[in-house]
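Below is entry07.txt, holding compact mmCIF, C-alpha atoms.
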```txt
# COMPACT_ATOMS: atom_id res chain seq x y z
CA MET A 1 57.58 113.99 77.84
CA LYS A 2 54.71 114.54 80.25
CA PRO A 3 51.28 115.10 78.64
CA PHE A 4 50.98 118.75 79.71
CA ALA A 5 54.63 119.77 79.43
CA GLY A 6 54.64 123.37 78.22
CA VAL A 7 51.16 124.13 79.57
CA LYS A 8 50.94 126.96 82.09
CA VAL A 9 48.16 127.05 84.70
CA ILE A 10 47.27 129.90 87.02
CA ASP A 11 45.67 128.35 90.10
CA LEU A 12 43.49 130.97 91.78
CA SER A 13 41.88 128.53 94.20
CA THR A 14 41.17 128.04 97.87
CA VAL A 15 40.57 124.90 99.92
CA ILE A 16 40.30 121.56 98.09
CA ALA A 17 38.19 120.96 94.96
CA ALA A 18 39.66 123.42 92.45
CA ALA A 19 43.13 123.08 93.95
CA SER A 20 42.98 119.31 93.42
CA ALA A 21 42.20 119.83 89.72
CA ALA A 22 45.29 122.01 89.38
CA ARG A 23 47.32 119.38 91.27
CA ILE A 24 46.30 116.75 88.72
CA LEU A 25 47.46 118.98 85.87
CA ALA A 26 50.72 119.65 87.72
CA ASP A 27 51.37 115.92 88.07
CA GLN A 28 50.78 115.61 84.33
CA GLY A 29 53.50 118.13 83.54
CA ALA A 30 51.84 121.55 83.63
CA GLU A 31 53.59 124.48 85.26
CA VAL A 32 51.11 125.48 87.97
CA ILE A 33 51.43 128.81 89.73
CA LYS A 34 49.17 129.06 92.77
CA VAL A 35 48.06 132.60 93.55
CA GLU A 36 47.16 133.13 97.20
CA SER A 37 46.15 136.09 99.31
CA LEU A 38 48.87 137.68 101.43
CA GLY A 39 47.70 135.56 104.37
CA GLY A 40 47.66 132.35 102.34
CA ASP A 41 45.01 129.77 101.51
CA LEU A 42 42.84 128.94 104.53
CA HIS A 43 43.44 125.26 103.77
CA ARG A 44 47.03 125.67 104.96
CA VAL A 45 45.87 125.69 108.60
CA GLN A 46 43.35 122.83 108.51
CA GLY A 47 45.79 120.03 109.40
CA PRO A 48 45.69 120.53 113.19
CA ILE A 49 41.92 119.89 113.19
CA LEU A 50 42.87 116.31 112.29
CA GLY A 51 45.98 116.24 114.46
CA VAL A 52 48.28 116.66 111.43
CA PRO A 53 51.19 119.16 111.40
CA ALA A 54 50.74 122.37 109.40
CA THR A 55 54.03 124.26 109.20
CA HIS A 56 55.96 125.75 106.27
CA ASP A 57 58.14 122.63 106.14
CA GLU A 58 55.54 119.99 106.95
CA ASN A 59 51.92 120.34 105.80
CA PRO A 60 50.68 116.95 104.51
CA VAL A 61 46.98 117.90 104.36
CA PHE A 62 47.75 120.97 102.23
CA ASP A 63 50.24 119.01 100.10
CA LEU A 64 47.54 116.61 98.90
CA GLU A 65 46.10 119.32 96.66
CA ASN A 66 49.13 121.54 96.29
CA ALA A 67 52.20 119.42 95.64
CA ASN A 68 54.20 120.19 92.50
CA LYS A 69 53.13 123.86 92.36
CA LYS A 70 54.81 127.24 92.69
CA PHE A 71 53.40 129.82 95.12
CA ILE A 72 52.95 133.55 94.87
CA ALA A 73 50.99 135.86 97.17
CA LEU A 74 49.11 138.95 95.89
CA ASP A 75 46.55 141.42 97.17
CA LEU A 76 44.08 141.14 94.31
CA LYS A 77 41.94 143.93 95.74
CA ARG A 78 44.67 146.36 94.76
CA PRO A 79 44.95 147.52 91.12
CA GLU A 80 48.63 146.61 91.15
CA GLY A 81 47.75 143.05 92.18
CA GLN A 82 45.20 142.79 89.38
CA ARG A 83 47.83 143.96 86.91
CA ILE A 84 50.22 141.28 88.14
CA ILE A 85 47.74 138.45 87.59
CA ARG A 86 47.01 139.74 84.10
CA THR A 87 50.73 139.72 83.42
CA LEU A 88 50.82 136.08 84.53
CA LEU A 89 47.88 135.30 82.25
CA LYS A 90 49.53 136.67 79.12
CA ASP A 91 51.28 133.39 78.40
CA ALA A 92 49.01 131.10 80.43
CA ASN A 93 46.84 128.38 78.94
CA VAL A 94 44.53 127.83 81.89
CA LEU A 95 43.04 129.69 84.85
CA ILE A 96 41.46 127.58 87.59
CA THR A 97 39.39 129.16 90.34
CA ASN A 98 36.61 128.50 92.82
CA TYR A 99 36.00 132.14 93.73
CA ARG A 100 32.32 132.99 93.71
CA GLU A 101 31.06 134.99 90.78
CA ASP A 102 30.39 138.15 92.78
CA ALA A 103 33.99 138.13 94.09
CA LEU A 104 35.33 137.56 90.58
CA LYS A 105 33.28 140.53 89.32
CA ARG A 106 34.75 142.79 91.99
CA LEU A 107 38.25 141.71 90.96
CA GLY A 108 37.59 141.98 87.24
CA LEU A 109 38.41 138.29 86.82
CA THR A 110 35.20 136.73 85.49
CA TYR A 111 35.34 134.70 82.31
CA GLU A 112 33.65 137.56 80.50
CA ASP A 113 36.29 139.99 81.80
CA LEU A 114 39.18 137.82 80.61
CA SER A 115 37.96 136.02 77.48
CA SER A 116 38.14 139.05 75.19
CA GLU A 117 41.62 139.93 76.46
CA PHE A 118 42.84 136.32 76.40
CA PRO A 119 40.71 134.51 73.77
CA GLY A 120 42.72 131.30 74.00
CA LEU A 121 42.38 130.99 77.78
CA VAL A 122 40.73 127.90 79.22
CA TYR A 123 38.85 129.10 82.29
CA GLY A 124 38.08 126.32 84.78
CA HIS A 125 35.56 127.22 87.47
CA ILE A 126 34.17 125.23 90.37
CA ASN A 127 30.99 126.44 92.04
CA ALA A 128 28.75 124.97 94.72
CA TYR A 129 25.26 124.91 93.22
CA GLY A 130 25.60 125.82 89.54
CA GLU A 131 25.81 129.03 87.55
CA LYS A 132 22.07 129.70 87.27
CA GLY A 133 19.15 130.08 89.66
CA LYS A 134 18.58 131.95 92.89
CA GLU A 135 21.15 129.85 94.77
CA ALA A 136 23.99 130.33 92.29
CA GLN A 137 25.84 132.62 94.70
CA LYS A 138 25.18 130.48 97.77
CA PRO A 139 28.37 129.43 99.59
CA GLY A 140 29.02 125.71 99.63
CA TYR A 141 31.51 122.99 100.48
CA ASP A 142 31.46 119.31 99.64
CA ILE A 143 29.91 118.28 102.95
CA ILE A 144 26.88 120.50 102.39
CA ALA A 145 26.51 120.74 98.59
CA TYR A 146 27.85 117.33 97.50
CA PHE A 147 26.62 115.18 100.41
CA GLY A 148 23.95 117.22 102.13
CA ARG A 149 21.93 118.41 99.14
CA THR A 150 22.06 115.18 97.11
CA GLY A 151 20.64 112.83 99.75
CA MET A 152 23.88 110.97 100.34
CA GLY A 153 24.03 112.28 103.91
CA LEU A 154 20.58 111.06 104.93
CA ASP A 155 20.16 108.05 102.66
CA THR A 156 23.42 106.18 103.13
CA GLY A 157 23.74 103.80 106.07
CA THR A 158 20.58 102.25 107.48
CA SER A 159 17.34 103.64 108.87
CA GLU A 160 18.43 102.54 112.36
CA SER A 161 21.33 105.03 112.35
CA TYR A 162 21.65 108.81 112.39
CA PRO A 163 22.68 110.72 109.25
CA LEU A 164 26.15 109.92 108.00
CA VAL A 165 28.82 112.39 109.10
CA ASN A 166 30.70 112.76 105.83
CA LEU A 167 34.45 113.11 105.83
CA GLY A 168 35.98 116.27 104.42
CA GLY A 169 37.35 116.23 100.88
CA MET A 170 35.52 113.10 99.75
CA GLY A 171 33.27 115.11 97.46
CA ASP A 172 35.91 117.69 96.58
CA HIS A 173 38.28 115.26 94.92
CA PRO A 174 35.73 113.74 92.49
CA THR A 175 34.72 117.30 91.62
CA GLY A 176 38.37 118.18 91.03
CA ILE A 177 38.77 115.16 88.75
CA ALA A 178 35.73 116.33 86.77
CA LEU A 179 37.23 119.80 86.35
CA ALA A 180 40.61 118.39 85.34
CA GLN A 181 38.90 116.29 82.66
CA GLY A 182 36.90 119.25 81.38
CA VAL A 183 39.98 121.47 81.27
CA SER A 184 41.88 118.73 79.43
CA ALA A 185 39.13 118.51 76.80
CA ALA A 186 39.10 122.29 76.40
CA LEU A 187 42.89 122.30 76.03
CA TYR A 188 42.61 119.70 73.27
CA ARG A 189 40.15 121.93 71.41
CA GLN A 190 42.35 124.96 72.12
CA LEU A 191 45.22 123.12 70.45
CA LYS A 192 43.15 122.63 67.29
CA SER A 193 41.28 125.94 67.13
CA GLY A 194 43.22 128.39 69.29
CA GLN A 195 40.02 129.23 71.14
CA GLY A 196 39.53 128.98 74.88
CA ASP A 197 36.34 128.26 76.80
CA LYS A 198 34.81 128.29 80.26
CA VAL A 199 34.60 124.89 81.94
CA SER A 200 32.14 124.91 84.83
CA VAL A 201 31.84 122.13 87.41
CA SER A 202 29.52 122.12 90.43
CA LEU A 203 29.86 120.26 93.72
CA TYR A 204 26.10 119.66 93.71
CA HIS A 205 26.11 118.41 90.11
CA THR A 206 29.03 116.06 90.78
CA GLY A 207 27.19 114.71 93.82
CA ILE A 208 24.09 114.05 91.71
CA TRP A 209 26.23 112.29 89.10
CA THR A 210 28.01 110.24 91.79
CA SER A 211 24.66 109.05 93.18
CA ALA A 212 23.05 108.74 89.72
CA THR A 213 21.90 105.11 90.08
CA MET A 214 19.97 105.86 93.24
CA GLN A 215 18.70 109.17 91.83
CA ALA A 216 16.96 107.11 89.14
CA ALA A 217 15.76 104.42 91.55
CA VAL A 218 13.99 106.77 93.96
CA GLN A 219 11.89 108.09 91.08
CA VAL A 220 10.13 104.73 90.80
CA GLY A 221 9.48 104.18 94.49
CA HIS A 222 12.71 103.06 96.12
CA ARG A 223 13.22 104.77 99.46
CA TYR A 224 16.42 105.09 101.44
CA PRO A 225 17.77 104.64 104.01
CA GLN A 226 16.38 101.18 104.62
CA PRO A 227 16.57 98.72 107.53
CA TYR A 228 19.53 96.36 107.59
CA LYS A 229 17.43 93.45 106.32
CA GLN A 230 16.43 95.43 103.23
CA PRO A 231 19.69 95.94 101.31
CA VAL A 232 20.14 98.84 98.93
CA LEU A 233 20.82 96.44 96.04
CA LEU A 234 20.75 92.69 96.74
CA PRO A 235 21.76 90.71 99.84
CA VAL A 236 24.75 89.53 97.77
CA MET A 237 25.58 92.88 96.16
CA GLY A 238 27.41 95.22 98.51
CA HIS A 239 25.56 94.24 101.70
CA PRO A 240 27.80 93.92 104.80
CA TYR A 241 28.03 90.81 106.98
CA LYS A 242 30.03 90.31 110.16
CA THR A 243 32.33 87.29 110.56
CA LEU A 244 33.02 85.29 113.72
CA ASP A 245 36.07 87.40 114.56
CA GLY A 246 34.17 90.67 114.24
CA GLU A 247 35.34 91.66 110.75
CA TRP A 248 32.96 92.81 108.03
CA VAL A 249 32.74 91.49 104.46
CA ILE A 250 30.76 92.33 101.35
CA PHE A 251 30.09 90.43 98.10
CA MET A 252 29.45 91.95 94.72
CA LEU A 253 27.63 89.32 92.66
CA PHE A 254 26.84 91.78 89.88
CA ASP A 255 27.03 88.84 87.44
CA PHE A 256 24.51 86.95 89.56
CA ASP A 257 24.02 83.93 87.29
CA ARG A 258 27.76 83.30 87.13
CA TYR A 259 28.50 83.51 90.84
CA TRP A 260 25.37 82.29 92.64
CA LYS A 261 26.28 78.58 92.45
CA PRO A 262 29.95 79.06 93.52
CA LEU A 263 28.82 81.23 96.43
CA CYS A 264 26.32 78.65 97.67
CA GLU A 265 28.96 75.93 97.38
CA SER A 266 31.50 78.00 99.31
CA LEU A 267 28.92 78.45 102.08
CA ASP A 268 28.16 74.69 102.12
CA ARG A 269 24.56 75.52 101.25
CA GLN A 270 24.13 73.62 98.00
CA ASP A 271 20.42 73.45 98.77
CA LEU A 272 20.13 77.16 97.95
CA ILE A 273 21.43 76.74 94.39
CA GLU A 274 18.03 75.70 93.03
CA ASP A 275 15.92 77.43 95.69
CA SER A 276 13.51 79.55 93.64
CA ARG A 277 13.20 82.09 96.45
CA PHE A 278 16.80 83.17 95.95
CA ASN A 279 18.35 81.77 92.76
CA SER A 280 17.63 84.69 90.45
CA ARG A 281 18.39 88.36 90.70
CA VAL A 282 14.69 89.23 90.94
CA SER A 283 13.71 86.55 93.47
CA ASN A 284 16.76 87.31 95.60
CA LYS A 285 15.58 90.91 95.85
CA GLN A 286 11.95 89.96 96.45
CA ASN A 287 12.95 87.71 99.34
CA GLN A 288 15.83 89.80 100.60
CA SER A 289 14.90 89.79 104.29
CA ALA A 290 14.82 85.99 104.32
CA MET A 291 18.13 85.89 102.44
CA VAL A 292 19.79 88.18 104.97
CA GLU A 293 18.43 86.05 107.83
CA ILE A 294 20.14 83.02 106.26
CA LEU A 295 23.43 84.69 105.35
CA ALA A 296 24.05 86.78 108.47
CA PRO A 297 24.32 83.92 111.03
CA LEU A 298 26.00 81.65 108.50
CA ILE A 299 28.84 84.10 107.81
CA ALA A 300 29.04 84.89 111.52
CA SER A 301 29.86 81.23 112.20
CA ARG A 302 33.43 81.38 110.83
CA PRO A 303 36.35 83.83 110.98
CA LEU A 304 37.28 86.02 108.06
CA LYS A 305 40.35 83.94 107.16
CA ASP A 306 38.25 80.83 106.52
CA TRP A 307 35.81 82.67 104.27
CA ALA A 308 38.54 84.55 102.43
CA GLU A 309 40.29 81.30 101.50
CA LYS A 310 37.07 79.83 100.14
CA TRP A 311 36.06 82.94 98.17
CA HIS A 312 39.52 83.50 96.72
CA GLN A 313 39.57 79.89 95.56
CA ALA A 314 36.13 80.28 93.97
CA ASP A 315 37.09 83.65 92.41
CA ILE A 316 34.07 85.30 94.05
CA PRO A 317 34.13 89.13 94.06
CA PHE A 318 34.28 90.12 97.73
CA GLU A 319 36.14 92.48 100.01
CA HIS A 320 37.08 92.68 103.65
CA LEU A 321 35.89 96.09 104.88
CA ARG A 322 38.93 97.97 106.15
CA HIS A 323 39.59 101.04 108.23
CA MET A 324 41.28 104.09 106.74
CA ASP A 325 44.35 103.53 108.87
CA ASP A 326 44.85 100.19 107.09
CA VAL A 327 45.44 101.86 103.72
CA ALA A 328 48.86 103.40 104.40
CA HIS A 329 50.21 99.90 105.08
CA ASP A 330 48.39 98.14 102.23
CA GLU A 331 50.98 96.49 99.99
CA GLN A 332 48.61 96.62 97.02
CA ALA A 333 48.29 100.40 97.34
CA LEU A 334 52.02 100.95 97.84
CA VAL A 335 53.27 98.74 95.02
CA ASN A 336 50.96 100.59 92.61
CA ASP A 337 52.02 104.07 93.81
CA PHE A 338 48.50 104.82 95.02
CA LEU A 339 50.27 106.37 98.01
CA ARG A 340 53.77 107.79 98.13
CA PRO A 341 55.98 107.89 101.25
CA ILE A 342 57.01 111.53 101.75
CA THR A 343 59.60 112.29 104.42
CA TYR A 344 59.65 115.86 105.75
CA PRO A 345 62.64 117.75 107.22
CA SER A 346 61.34 116.83 110.70
CA GLY A 347 61.93 113.17 109.88
CA ASN A 348 58.21 112.38 109.88
CA THR A 349 57.04 110.21 106.99
CA PHE A 350 53.47 110.38 105.67
CA TYR A 351 52.07 108.04 103.05
CA LEU A 352 50.26 110.56 100.89
CA PRO A 353 47.68 109.59 98.23
CA THR A 354 48.49 110.37 94.61
CA PRO A 355 45.98 111.47 91.92
CA PRO A 356 44.33 108.34 90.47
CA ILE A 357 45.59 108.66 86.89
CA GLN A 358 48.69 106.88 85.65
CA PHE A 359 50.54 106.82 82.31
CA ARG A 360 52.59 103.84 81.16
CA LYS A 361 55.29 105.85 79.37
CA GLU A 362 55.55 108.69 81.86
CA GLY A 363 56.40 106.69 84.97
CA LYS A 364 55.82 108.02 88.44
CA PRO A 365 55.12 111.76 88.58
CA ASP A 366 57.11 113.99 90.89
CA TYR A 367 55.86 114.65 94.41
CA THR A 368 57.36 117.96 95.50
CA PRO A 369 55.68 119.16 98.70
CA SER A 370 54.14 122.62 98.86
CA ALA A 371 56.13 125.66 99.90
CA ALA A 372 55.49 128.66 102.16
CA VAL A 373 53.08 131.46 101.27
CA GLY A 374 54.79 133.58 98.62
CA ALA A 375 57.73 131.19 98.29
CA HIS A 376 58.09 131.92 94.57
CA THR A 377 56.66 135.45 94.32
CA ARG A 378 59.95 137.19 93.62
CA GLU A 379 61.12 134.47 91.21
CA GLN A 380 57.89 134.55 89.20
CA LEU A 381 57.63 138.32 89.01
CA ILE A 382 61.24 138.62 87.81
CA LYS A 383 60.53 135.87 85.28
CA HIS A 384 57.54 137.83 84.00
CA GLY A 385 59.43 141.05 83.45
CA TYR A 386 59.40 142.91 86.77
CA THR A 387 62.68 144.44 87.95
CA GLU A 388 64.18 143.86 91.39
CA GLU A 389 63.34 147.45 92.29
CA GLU A 390 59.71 147.00 91.25
CA VAL A 391 59.42 143.80 93.27
CA VAL A 392 60.83 145.50 96.37
CA ALA A 393 58.44 148.43 95.92
CA LEU A 394 55.45 146.08 95.56
CA GLU A 395 56.49 144.20 98.70
CA ASN A 396 57.00 147.42 100.67
CA SER A 397 53.54 148.61 99.66
CA LYS A 398 52.07 145.20 100.66
CA VAL A 399 50.75 144.37 97.21
CA ILE A 400 52.76 141.14 97.29
CA HIS A 401 54.30 138.88 99.89
CA SER A 402 57.58 137.13 99.26
CA ALA A 403 58.94 134.38 101.50
CA GLU A 404 62.27 134.32 99.67
```

Structure rendered as structure tokens:
Amino acid sequence: MKPFAGVKVIDLSTVIAAASAARILADQGAEVIKVESLGGDLHRVQGPILGVPATHDENPVFDLENANKKFIALDLKRPEGQRIIRTLLKDANVLITNYREDALKRLGLTYEDLSSEFPGLVYGHINAYGEKGKEAQKPGYDIIAYFGRTGMGLDTGTSESYPLVNLGGMGDHPTGIALAQGVSAALYRQLKSGQGDKVSVSLYHTGIWTSATMQAAVQVGHRYPQPYKQPVLLPVMGHPYKTLDGEWVIFMLFDFDRYWKPLCESLDRQDLIEDSRFNSRVSNKQNQSAMVEILAPLIASRPLKDWAEKWHQADIPFEHLRHMDDVAHDEQALVNDFLRPITYPSGNTFYLPTPPIQFRKEGKPDYTPSAAVGAHTREQLIKHGYTEEEVVALENSKVIHSAE
């Protein structure tokens, strides 16, 4: 049995972060009903920006956050639409949303509005900048709140480059994981006490937590971005070097004392093993520019294959820096179900990432692609007690949209 079998989630989300949290719960067995506006989630039409199809039958970008869900479409500005969502909530365990608080107030769907009516409801909410303060109602997306506000946009890369152009969704998904964890904890307490709670997760907060190590470091004088010869950590901890054939590699000698000697031996620089300028974590940092000046031309003298053989043999933690288009063909990712090949009716196959949580006894979760706007409206309303005549009347009055 899947962990959340029997749990019902109402997914009142748009775009990525909150929707990804609901997707994680769906993969773990929850019945997730996504409630969209009559026109559908704006994220449905984002694929073409990246050259990816976005049709009813083939929408890989939208599927990433919305696989394994059911879809209904309501006009929540209408009293009838608000009554429908309350009907759905009567036997729901969780509501997930990223609507801003002022919009939720207008719809009568704030936590305060619902908690007295549904005391056992777990209310998961994603916001941009937090629930308090003068910017609580400020609109935000991961690129601006997660990357832009936290310093990750300006302070990653090197001082010789322009600010990093962050890729969409890379802050949303960690924020979605945080919400899924919080909702899971609240569900565990709900199981014991019967009481619900509000779980609040912020894009800005998650960005601060993601960059926590550097947030502490800058408070004692570290400044980023830095020139190439002044690595963020150590010259042998996450600093990139180019090989003879133009590839890039990084080491991660976090356990410096264990790996320093094997690294020097692999580089045929045994003289560095006892060199006091470099042979401790502190001295390596103090003399980092000199260390980079030694390592950069040395690593550039041989192709990646030669170095990889040496470092694998010495069990040195390193990685060849790859491009994103390498991942879909990475055997290690495929054999572990980190991506799943999904073939659409058109015959196109996309290797789509899966949520990064796996259970030994459950096996691979389903991967059912998303459906059209309102694909399950009629089915769900009938299931929740509406008659066929009532459903037709609601559709004729444009309170609902049904694609059936």

Requested in this report: Select, from A:Leu164, A:Leu295, A:Val7, A:Ala30, the residue with the minimum atom-to-atom distance to Gly151 in chain A, counting all atoms listed in the file.
Outcome: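 With all atoms listed in the file as the atom set, the closest residue is A:Leu164.
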
Query raised in the report: Which residues, written as a list in words, have at least one atom at most 6 Å from range 214-226 of chain A, with all atoms listed in the file counted and residues fewer than 3 positions away on the same chain left out?
Result: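 Within the cut-off, the hits are Asp155, Thr156, Thr158, Ser159, Ser211 and Gln230 of chain A.
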
Query - Atom-to-atom span, CA of Pro227 in chain A and CA of Ala290 in chain A, Å - result: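 It comes out at 13.2 Å.
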
**Report entry** Selected residue of minimal separation from Ile126 in chain A among A:Asp11, A:Asp245, A:Asp257, A:Glu160, counting all atoms listed in the file
**Finding:**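 When distances to Ile126 in chain A are compared using all atoms listed in the file, the smallest one comes from A:Asp11.
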
Query raised in the report: Just how far from CA of Arg302 in chain A is CA of Val282 in chain A, in Å to one decimal?
Result: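 CA of Arg302 in chain A lies at a distance of 28.4 Å from CA of Val282 in chain A.
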
Query raised in the report: For the atom pair CA of Tyr259 in chain A and CA of Asp306 in chain A, what is the interatomic distance in Å to one decimal place?
Result: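 One can read the CA of Tyr259 in chain A to CA of Asp306 in chain A distance as 18.7 Å.
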
**Report entry** Counting all atoms listed in the file, the residue of A:Ile16, A:Leu167, A:Ile33, A:Ile208 that sits nearest Val61 in chain A
**Finding:**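 Once distances to Val61 in chain A are computed over all atoms listed in the file, the minimum belongs to A:Ile16.
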
Query raised in the report: Of the candidates A:Glu404, A:Asp63, A:Glu117, A:Glu36, which shows the shortest atom-to-atom distance to Lys90 in chain A, using all atoms listed in the file?
Result: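 The closest residue to Lys90 in chain A is A:Glu117.
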
Query raised in the report: Of the residues A:Arg322, A:Arg340, A:Lys8, A:Lys229, which is the one nearest to Asp366 in chain A, using all atoms listed in the file?
Result: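 Selected residue with least distance to Asp366 in chain A: A:Arg340.
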
Query - Polymer residues at most 10 Å from Arg23 in chain A, all atoms listed in the file, same-chain spacing of 3 or more positions, as a PyMOL selection string - result: chain A and resi 11+17-20+26-30+32+34+63-69+176-177+180+354-355

Report task. May I ask which of the residues A:Leu263, A:Pro317, A:Ala185, A:Val201 is the closest one to Gly238 in chain A, counting only C-alpha atoms? Result ->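 Once distances to Gly238 in chain A are computed over only C-alpha atoms, the minimum belongs to A:Pro317.
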
Kindly list the centre and edge lengths in Å, rounded to one decimal, for the axis-aligned box that covers all listed atoms of range 362-379 of chain A plus 6 Å on each of its six sides, as lines of an AutoDock Vina configuration file.
```
center_x = 57.1
center_y = 121.9
center_z = 92.0
size_x = 20.0
size_y = 42.5
size_z = 32.3
```

**Report entry** Neighbour list for His323 in chain A as number ranges by chain, cut-off 12 Å, all atoms listed in the file, skip fewer than 6 positions in-chain
**Finding:** A: 247-248, 329-330

Requested in this report: For Glu319 in chain A, list every protein, DNA or RNA residue within 7 Å, evaluated using all atoms listed in the file, and leave out those in the same chain fewer than 3 positions away; present the list as an NGL selection string.
Outcome: :A and (249-251)

Query raised in the report: Do you know which residues are at most 12 Å from Leu339 in chain A counting all atoms listed in the file, after dropping those on the same chain fewer than 5 positions away, and could you put them as a PyMOL selection string?
Result: chain A and resi 64+327-334+349-356+364-365+367

Query raised in the report: List as a list of chain:residue names: which residues have an atom within 12 Å of (50.7, 104.5, 80.0), counting only C-alpha atoms?
Result: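 Result, sorted by chain then residue number: A:Met1, A:Lys2, A:Pro3, A:Gln28, A:Ile357, A:Gln358, A:Phe359, A:Arg360, A:Lys361, A:Glu362, A:Gly363, A:Lys364.
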
Since we have the selection now, will you write its residues out, keeping C-alpha atoms, as a PDB file, in the frame of the given file?
```pdb
ATOM      1  CA  MET A   1      57.580 113.990  77.840  1.00  0.00           C
ATOM      2  CA  LYS A   2      54.710 114.540  80.250  1.00  0.00           C
ATOM      3  CA  PRO A   3      51.280 115.100  78.640  1.00  0.00           C
ATOM      4  CA  GLN A  28      50.780 115.610  84.330  1.00  0.00           C
ATOM      5  CA  ILE A 357      45.590 108.660  86.890  1.00  0.00           C
ATOM      6  CA  GLN A 358      48.690 106.880  85.650  1.00  0.00           C
ATOM      7  CA  PHE A 359      50.540 106.820  82.310  1.00  0.00           C
ATOM      8  CA  ARG A 360      52.590 103.840  81.160  1.00  0.00           C
ATOM      9  CA  LYS A 361      55.290 105.850  79.370  1.00  0.00           C
ATOM     10  CA  GLU A 362      55.550 108.690  81.860  1.00  0.00           C
ATOM     11  CA  GLY A 363      56.400 106.690  84.970  1.00  0.00           C
ATOM     12  CA  LYS A 364      55.820 108.020  88.440  1.00  0.00           C
TER      13      LYS A 364
END
```
